[in-house]
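Heads up: the structure comes next, in structure tokens.
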Amino acid sequence: MAGRGLRLRVAALLAFGLGAGHALALSGKVTHVSDGDTLWLRPADGSRRPVKVRLEGLDAPERCQAGGPQARAALESRVGGRRVFVAARARDRHDRVIGRVRLDGEDIGAWLVDHGHAWSSRFHASPGPYAVQEARARDARRGVFAQPGAVEPRRFRREHGPCD
């Protein structure tokens, strides 16, 4: 039975194009924005149902956290109903595609962080891919950085649990 499960996982990865070290390019229309770092994309080729995409490299406030509704609204106003390009690299434990999202060549993750709607994802000693944008937003006191003591979403989730 374990062999069948492994075969199904490998087949799914190959079908979606997300094997080790491989990336998948998707383009399509954004049909829904769940929160400040998650959207739904209807692939342009029409071959699949909408795909849930988690923006890579950032962490936006939770929906029930200060700044969460504003982060969602910012992402919705920027990409809602528009055609975007996603350079996907993996799937997360929630089965979302993880990738960089671009609109007309602009990195939407960089835009969100630069406008103070998200933090650059940190990992160990790394300040994350959008550290420069986060520093700019902090210096300008934009978005979540307008109030002193803004709580990173990771810490918020650890202290309060999920919003749902």
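FYI, nothing fancy with the structure tokens labels: chains A, B, ... in order, residues from 1 per chain, ligands from 1 as they appear.
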
Could you produce a table of the residues of range 13-88 of chain A lying within 8 Å of range 113-130 of chain A, with the nearest pair of atoms per residue and their separation in Å rounded to one decimal, using only C-alpha atoms, ordered by chain and increasing residue number, as a tab-separated table?
residue	atom	partner	partner_atom	distance
A:Gly36	CA	A:His117	CA	7.3
A:Gly57	CA	A:Ser121	CA	5.1
A:Leu58	CA	A:Ser120	CA	4.5
A:Asp59	CA	A:Trp119	CA	5.3
A:Ala60	CA	A:Ala118	CA	4.1
A:Pro61	CA	A:Ala118	CA	6.5
A:Gly67	CA	A:His117	CA	7.1
A:Gln70	CA	A:His117	CA	7.3
A:Ala71	CA	A:His117	CA	4.9
A:Ala74	CA	A:His117	CA	7.6

Would you write out those residues with N, CA and C atoms, as a PDB file, in the first residue's frame?
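Final file, again.pdb:
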ATOM      1  N   GLY A  36      -3.732  38.522   2.900  1.00  0.00           N
ATOM      2  CA  GLY A  36      -2.662  39.342   2.356  1.00  0.00           C
ATOM      3  C   GLY A  36      -1.539  38.615   1.674  1.00  0.00           C
ATOM      4  N   GLY A  57       8.202  34.293   0.192  1.00  0.00           N
ATOM      5  CA  GLY A  57       9.160  35.283   0.665  1.00  0.00           C
ATOM      6  C   GLY A  57       8.604  36.334   1.605  1.00  0.00           C
ATOM      7  N   LEU A  58       7.328  36.228   1.969  1.00  0.00           N
ATOM      8  CA  LEU A  58       6.741  37.221   2.853  1.00  0.00           C
ATOM      9  C   LEU A  58       5.718  36.573   3.772  1.00  0.00           C
ATOM     10  N   ASP A  59       5.336  37.308   4.795  1.00  0.00           N
ATOM     11  CA  ASP A  59       4.294  36.849   5.717  1.00  0.00           C
ATOM     12  C   ASP A  59       3.421  38.048   6.040  1.00  0.00           C
ATOM     13  N   ALA A  60       2.166  38.012   5.602  1.00  0.00           N
ATOM     14  CA  ALA A  60       1.219  39.100   5.841  1.00  0.00           C
ATOM     15  C   ALA A  60       0.460  38.842   7.137  1.00  0.00           C
ATOM     16  N   PRO A  61      -0.069  39.903   7.749  1.00  0.00           N
ATOM     17  CA  PRO A  61      -0.837  39.719   8.975  1.00  0.00           C
ATOM     18  C   PRO A  61      -2.030  38.787   8.750  1.00  0.00           C
ATOM     19  N   GLY A  67      -3.958  45.014  10.831  1.00  0.00           N
ATOM     20  CA  GLY A  67      -3.332  45.112   9.510  1.00  0.00           C
ATOM     21  C   GLY A  67      -3.746  44.013   8.555  1.00  0.00           C
ATOM     22  N   GLN A  70      -6.420  45.128   5.928  1.00  0.00           N
ATOM     23  CA  GLN A  70      -5.800  46.072   5.008  1.00  0.00           C
ATOM     24  C   GLN A  70      -4.848  45.361   4.041  1.00  0.00           C
ATOM     25  N   ALA A  71      -4.121  44.355   4.519  1.00  0.00           N
ATOM     26  CA  ALA A  71      -3.223  43.593   3.652  1.00  0.00           C
ATOM     27  C   ALA A  71      -4.017  42.856   2.579  1.00  0.00           C
ATOM     28  N   ALA A  74      -5.307  45.381   0.065  1.00  0.00           N
ATOM     29  CA  ALA A  74      -4.225  45.870  -0.803  1.00  0.00           C
ATOM     30  C   ALA A  74      -3.917  44.866  -1.902  1.00  0.00           C
TER      31      ALA A  74
END

inquiry  = Run DSSP on the backbone and tell me which residues of chain A come out as strand (DSSP E); list them as a ChimeraX atom specification.
reply    = /A:24-35,38-43,51-55,58-59,83-91,97-103,106-107,119-120

task = Find the spatial neighbours of Phe85 in chain A, counting only C-alpha atoms, within a cut-off of 6 Å - ignore same-chain residues fewer than 5 positions away - and output them as JSON, numbers by chain.
result = {"A": [26, 27, 101, 102]}

Kindly save the residues from that selection, with all heavy atoms included, as an mmCIF file, in the first residue's frame.
data_model
loop_
_atom_site.group_PDB
_atom_site.id
_atom_site.type_symbol
_atom_site.label_atom_id
_atom_site.label_comp_id
_atom_site.auth_asym_id
_atom_site.auth_seq_id
_atom_site.Cartn_x
_atom_site.Cartn_y
_atom_site.Cartn_z
ATOM 1 N N LEU A 26 3.149 29.457 -14.077
ATOM 2 C CA LEU A 26 1.706 29.530 -14.252
ATOM 3 C C LEU A 26 1.341 30.955 -14.612
ATOM 4 O O LEU A 26 1.964 31.896 -14.125
ATOM 5 C CB LEU A 26 0.980 29.210 -12.944
ATOM 6 C CG LEU A 26 1.006 27.821 -12.373
ATOM 7 C CD1 LEU A 26 0.434 27.837 -10.967
ATOM 8 C CD2 LEU A 26 0.178 26.910 -13.245
ATOM 9 N N SER A 27 0.340 31.103 -15.417
ATOM 10 C CA SER A 27 -0.223 32.432 -15.605
ATOM 11 C C SER A 27 -1.723 32.269 -15.657
ATOM 12 O O SER A 27 -2.240 31.212 -16.018
ATOM 13 C CB SER A 27 0.305 33.100 -16.874
ATOM 14 O OG SER A 27 -0.163 32.416 -18.012
ATOM 15 N N VAL A 101 4.860 35.992 -7.391
ATOM 16 C CA VAL A 101 3.776 36.468 -8.252
ATOM 17 C C VAL A 101 4.197 37.791 -8.882
ATOM 18 O O VAL A 101 4.684 38.683 -8.191
ATOM 19 C CB VAL A 101 2.470 36.646 -7.440
ATOM 20 C CG1 VAL A 101 1.367 37.241 -8.302
ATOM 21 C CG2 VAL A 101 2.027 35.307 -6.849
ATOM 22 N N ARG A 102 3.985 37.891 -10.191
ATOM 23 C CA ARG A 102 4.322 39.116 -10.925
ATOM 24 C C ARG A 102 3.091 39.612 -11.681
ATOM 25 O O ARG A 102 2.351 38.822 -12.257
ATOM 26 C CB ARG A 102 5.453 38.861 -11.909
ATOM 27 C CG ARG A 102 6.767 38.552 -11.217
ATOM 28 C CD ARG A 102 7.940 38.596 -12.206
ATOM 29 N NE ARG A 102 9.184 38.472 -11.499
ATOM 30 C CZ ARG A 102 9.822 39.479 -10.901
ATOM 31 N NH1 ARG A 102 9.327 40.682 -10.950
ATOM 32 N NH2 ARG A 102 10.957 39.274 -10.265
#

Picked from range 41-161 of chain A by DSSP as alpha helix (DSSP H), as a ChimeraX atom specification = /A:68-79,108-114,131-140,153-160

Near range 40-47 of chain A, counting only C-alpha atoms, which residues have an atom at most 10 Å away, once you skip same-chain residues fewer than 6 positions from it, shown as a short mmCIF file (atom, residue, chain, number, x, y, z; two decimals) with C-alpha atoms, in the first residue's frame?
data_model
loop_
_atom_site.label_atom_id
_atom_site.label_comp_id
_atom_site.auth_asym_id
_atom_site.auth_seq_id
_atom_site.Cartn_x
_atom_site.Cartn_y
_atom_site.Cartn_z
CA LEU A 26 1.71 29.53 -14.25
CA SER A 27 -0.22 32.43 -15.60
CA GLY A 28 -3.86 33.23 -15.25
CA LYS A 29 -6.51 35.46 -13.78
CA VAL A 30 -6.75 36.09 -10.04
CA THR A 31 -10.26 35.02 -9.08
CA HIS A 32 -10.11 35.49 -5.30
CA VAL A 33 -7.82 36.87 -2.60
CA SER A 34 -8.07 34.98 0.71
CA VAL A 53 -1.17 30.34 -4.44
CA ARG A 54 0.79 31.46 -1.37
CA GLY A 80 -7.89 41.08 -8.23
CA GLY A 81 -9.35 40.10 -11.60
CA ARG A 82 -6.01 40.66 -13.31
CA ARG A 83 -3.74 38.29 -15.17
CA VAL A 84 -0.58 37.45 -13.23
CA PHE A 85 2.44 35.23 -13.69
CA VAL A 86 3.55 32.81 -10.94
CA ARG A 96 -1.01 25.74 -1.72
CA VAL A 97 1.39 26.45 -4.55
#

task = Go ahead and compute the interatomic distance for CA of Ala146 in chain A and CA of Ser77 in chain A, in Å to one decimal.
result =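 Calculated distance between CA of Ala146 in chain A and CA of Ser77 in chain A is 20.5 Å.
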